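Before any comments, here is the structure.
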Amino acid sequence: MPDARQIADDLRARINDGEFGPGARLPGEPALVRDYGVAKMTASGALKLLVAEGVAVSRPGSGTYVREFKPIVRDATKRLSRDQWAAGKSIWSADVGERPMAVADLEVYETGAPRWVARILGLDEDARVVVRSRRFLVDDEPVQKAVSYLPADLVRGSRIAEPDSGPGGTYKRLAELGAEPVHFSEDLRARMPSSEESAGLAILPGTPVIEICRTAYTSDGVAVEVNQMLLDAGAYALRYSFGS
């Protein structure tokens, strides 16, 4: 007799094979009990697993449906290419193409550097940074929260310290300041979110998130930006390309 995980895996495979397309209603608990010969609690657990993974959405009183949102393929190599931002394009356009994307809750301000940020940027403990905090929405769904930290002495008075950083965004402005980023490192981990983080990304409690901390460096190895990102794990597929 299969357990909830095995049933969820089978339903996911049927979704991937196209048996249940985007927006399609999945078999309800009674159907799963009949088809898999399991208890109602096991059937319910299988559907809850798919919802927690971001594969499906639950509509009380109606049923469980395949999520219509198409996962974002985040190609780290492509989005950080100089060809992207130097041409005045947002690095986000490499992820979403023509899909509608919006920025919400944008805050830009100067403050004292948090200790961990000062350490990465090689700043004194009393140094200040310009912070750019925002949420990104794709197809009207919140998918990521991002907070960037940049040395205030470097970017103060530039468009980086303004809400609209201009075509090409922060990286093109850094290049104009003589601090072009040419090398990046990303530390990534999956974890469970806090209740506040779940609310900010509009995900159910218990749904995992992906935390990425990126550091941008100049050709001299000077760190010029730290970007801490929180991604809805169910909304993303991460892609990394490596040379020989």
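Following the order of the structure tokens, first chain is A, next is B, and so on, with residues numbered from 1 inside each chain and ligands from 1 in the order they appear.
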Pick out each residue of range 10-229 of chain A that DSSP on the backbone tags as strand (DSSP E or B); I need them as a ChimeraX atom specification. /A:25,56-59,63-66,72-75,101-112,128-138,141-151,183-191,209-217,223-229
List every residue of range 4-238 of chain A that DSSP, applied to the backbone of this structure, assigns to helix (DSSP H, G or I), and report them as an MDAnalysis selection string. chainID A and resid 4:16 29:36 40:52 76:79 82:85 93:96 115:121 152:155 159:161 169:176 195:200 233:235
Where does range 41-104 of chain A meet range 208-219 of chain A within 10 Å, residue by residue, with the nearest atom pair and distance in Å to one decimal for each, counting only C-alpha atoms, listed by chain and rising number, as CSV?
residue,atom,partner,partner_atom,distance
A:Ala52,CA,A:Pro208,CA,7.9
A:Glu53,CA,A:Pro208,CA,7.6
A:Gly54,CA,A:Pro208,CA,9.3
A:Leu80,CA,A:Ala216,CA,9.8
Please save all heavy atoms of the selected residues as a PDB file, in the first residue's frame.
ATOM      1  N   ALA A  52       2.375  21.989  -0.824  1.00  0.00           N
ATOM      2  CA  ALA A  52       3.562  22.514  -0.133  1.00  0.00           C
ATOM      3  C   ALA A  52       4.742  22.658  -1.087  1.00  0.00           C
ATOM      4  O   ALA A  52       5.575  23.561  -0.930  1.00  0.00           O
ATOM      5  CB  ALA A  52       3.940  21.608   1.032  1.00  0.00           C
ATOM      6  N   GLU A  53       4.819  21.793  -2.092  1.00  0.00           N
ATOM      7  CA  GLU A  53       5.925  21.844  -3.055  1.00  0.00           C
ATOM      8  C   GLU A  53       5.704  22.907  -4.133  1.00  0.00           C
ATOM      9  O   GLU A  53       6.582  23.141  -4.963  1.00  0.00           O
ATOM     10  CB  GLU A  53       6.084  20.481  -3.725  1.00  0.00           C
ATOM     11  CG  GLU A  53       6.569  19.393  -2.770  1.00  0.00           C
ATOM     12  CD  GLU A  53       6.495  18.012  -3.405  1.00  0.00           C
ATOM     13  OE1 GLU A  53       6.090  17.915  -4.584  1.00  0.00           O
ATOM     14  OE2 GLU A  53       6.833  17.040  -2.720  1.00  0.00           O
ATOM     15  N   GLY A  54       4.510  23.510  -4.144  1.00  0.00           N
ATOM     16  CA  GLY A  54       4.231  24.515  -5.152  1.00  0.00           C
ATOM     17  C   GLY A  54       3.747  23.939  -6.464  1.00  0.00           C
ATOM     18  O   GLY A  54       3.582  24.672  -7.447  1.00  0.00           O
ATOM     19  N   LEU A  80      23.845  37.162 -15.344  1.00  0.00           N
ATOM     20  CA  LEU A  80      24.939  37.989 -14.845  1.00  0.00           C
ATOM     21  C   LEU A  80      25.963  38.343 -15.927  1.00  0.00           C
ATOM     22  O   LEU A  80      26.968  38.987 -15.645  1.00  0.00           O
ATOM     23  CB  LEU A  80      25.643  37.286 -13.678  1.00  0.00           C
ATOM     24  CG  LEU A  80      24.787  37.076 -12.426  1.00  0.00           C
ATOM     25  CD1 LEU A  80      25.550  36.276 -11.384  1.00  0.00           C
ATOM     26  CD2 LEU A  80      24.330  38.407 -11.848  1.00  0.00           C
TER      27      LEU A  80
END
Taking 5 positions as the minimum chain separation for residues in the same chain, which residues sit within 6 Å of range 35-48 of chain A when counting only C-alpha atoms? Answer as number ranges by chain. A: 4, 7-8, 29
Let's have the selection written as a PDB file, in the first residue's frame, with N, CA and C atoms.
ATOM      1  N   ALA A   4       1.762   8.534   1.514  1.00  0.00           N
ATOM      2  CA  ALA A   4       1.427   9.835   0.944  1.00  0.00           C
ATOM      3  C   ALA A   4       2.496  10.313  -0.037  1.00  0.00           C
ATOM      4  N   ILE A   7       2.230   8.476  -3.404  1.00  0.00           N
ATOM      5  CA  ILE A   7       1.081   8.942  -4.185  1.00  0.00           C
ATOM      6  C   ILE A   7       1.376  10.313  -4.787  1.00  0.00           C
ATOM      7  N   ALA A   8       1.971  11.200  -3.986  1.00  0.00           N
ATOM      8  CA  ALA A   8       2.328  12.530  -4.480  1.00  0.00           C
ATOM      9  C   ALA A   8       3.311  12.421  -5.642  1.00  0.00           C
ATOM     10  N   GLU A  29      -9.813  13.444  -2.595  1.00  0.00           N
ATOM     11  CA  GLU A  29      -9.534  12.401  -1.611  1.00  0.00           C
ATOM     12  C   GLU A  29     -10.308  11.113  -1.876  1.00  0.00           C
TER      13      GLU A  29
END
Taking 5 positions as the minimum chain separation for residues in the same chain, which residues sit within 12 Å of Ala104 in chain A when counting only C-alpha atoms? Answer as number ranges by chain. A: 132-138, 140-146, 163, 200-201
Keeping C-alpha atoms, export the residues of the selection given above as a PDB file, in the first residue's frame.
ATOM      1  CA  ARG A 132      18.102  48.496  -2.027  1.00  0.00           C
ATOM      2  CA  SER A 133      15.246  46.306  -0.746  1.00  0.00           C
ATOM      3  CA  ARG A 134      12.414  45.075  -2.970  1.00  0.00           C
ATOM      4  CA  ARG A 135      10.052  42.244  -3.855  1.00  0.00           C
ATOM      5  CA  PHE A 136       9.683  40.888  -7.385  1.00  0.00           C
ATOM      6  CA  LEU A 137       6.359  39.757  -8.803  1.00  0.00           C
ATOM      7  CA  VAL A 138       6.016  37.679 -11.962  1.00  0.00           C
ATOM      8  CA  ASP A 140       1.277  39.052 -10.424  1.00  0.00           C
ATOM      9  CA  GLU A 141       2.708  36.455  -8.024  1.00  0.00           C
ATOM     10  CA  PRO A 142       5.468  37.346  -5.513  1.00  0.00           C
ATOM     11  CA  VAL A 143       8.430  35.117  -6.257  1.00  0.00           C
ATOM     12  CA  GLN A 144      11.460  36.754  -4.654  1.00  0.00           C
ATOM     13  CA  LYS A 145      12.600  39.204  -1.984  1.00  0.00           C
ATOM     14  CA  ALA A 146      15.999  40.795  -2.572  1.00  0.00           C
ATOM     15  CA  PRO A 163      14.655  54.335  -6.540  1.00  0.00           C
ATOM     16  CA  GLY A 200       5.918  38.201   2.110  1.00  0.00           C
ATOM     17  CA  LEU A 201       6.107  35.581  -0.637  1.00  0.00           C
TER      18      LEU A 201
END
Go ahead and compute the interatomic distance for CA of Gly122 in chain A and CA of Val224 in chain A, in Å to one decimal.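 Computing the Euclidean distance for CA of Gly122 in chain A and CA of Val224 in chain A yields 9.3 Å.
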Mind checking which residues fall within 12 Å of Arg115 in chain A, counting only C-alpha atoms, ignoring those fewer than 5 positions away in the same chain, and posting them as a list in words?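 Final neighbour list, sorted by chain and number: Ile120, Leu121, Gly122, Leu123, Asp124, Glu125, Asp126, Ala127, Arg128, Val129 and Tyr149 of chain A.
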Quick one: of A:Gly63, A:Gly112, A:Met101, A:Ser81, who's nearest to Pro30 in chain A, counting only C-alpha atoms? A:Gly63
All residues 12 Å or closer to Arg156 in chain A, only C-alpha atoms, same chain fewer than 6 positions away omitted, as an mmCIF file with C-alpha atoms, in the first residue's frame:
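Listing of result_19.cif after writing:
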data_model
loop_
_atom_site.group_PDB
_atom_site.id
_atom_site.type_symbol
_atom_site.label_atom_id
_atom_site.label_comp_id
_atom_site.auth_asym_id
_atom_site.auth_seq_id
_atom_site.Cartn_x
_atom_site.Cartn_y
_atom_site.Cartn_z
ATOM 1 C CA VAL A 108 16.347 52.668 -0.989
ATOM 2 C CA TYR A 109 18.188 54.153 1.966
ATOM 3 C CA GLU A 110 21.584 54.626 3.615
ATOM 4 C CA THR A 111 22.408 53.013 6.934
ATOM 5 C CA ARG A 128 27.783 52.905 5.843
ATOM 6 C CA VAL A 129 26.019 51.171 2.985
ATOM 7 C CA VAL A 130 23.242 51.990 0.544
ATOM 8 C CA VAL A 131 20.481 49.398 0.788
ATOM 9 C CA LEU A 150 26.631 48.604 -1.593
ATOM 10 C CA GLU A 162 17.766 56.514 -6.101
ATOM 11 C CA ARG A 173 25.907 52.218 -12.784
ATOM 12 C CA LEU A 174 28.818 50.548 -10.955
ATOM 13 C CA LEU A 177 31.626 54.628 -11.375
#
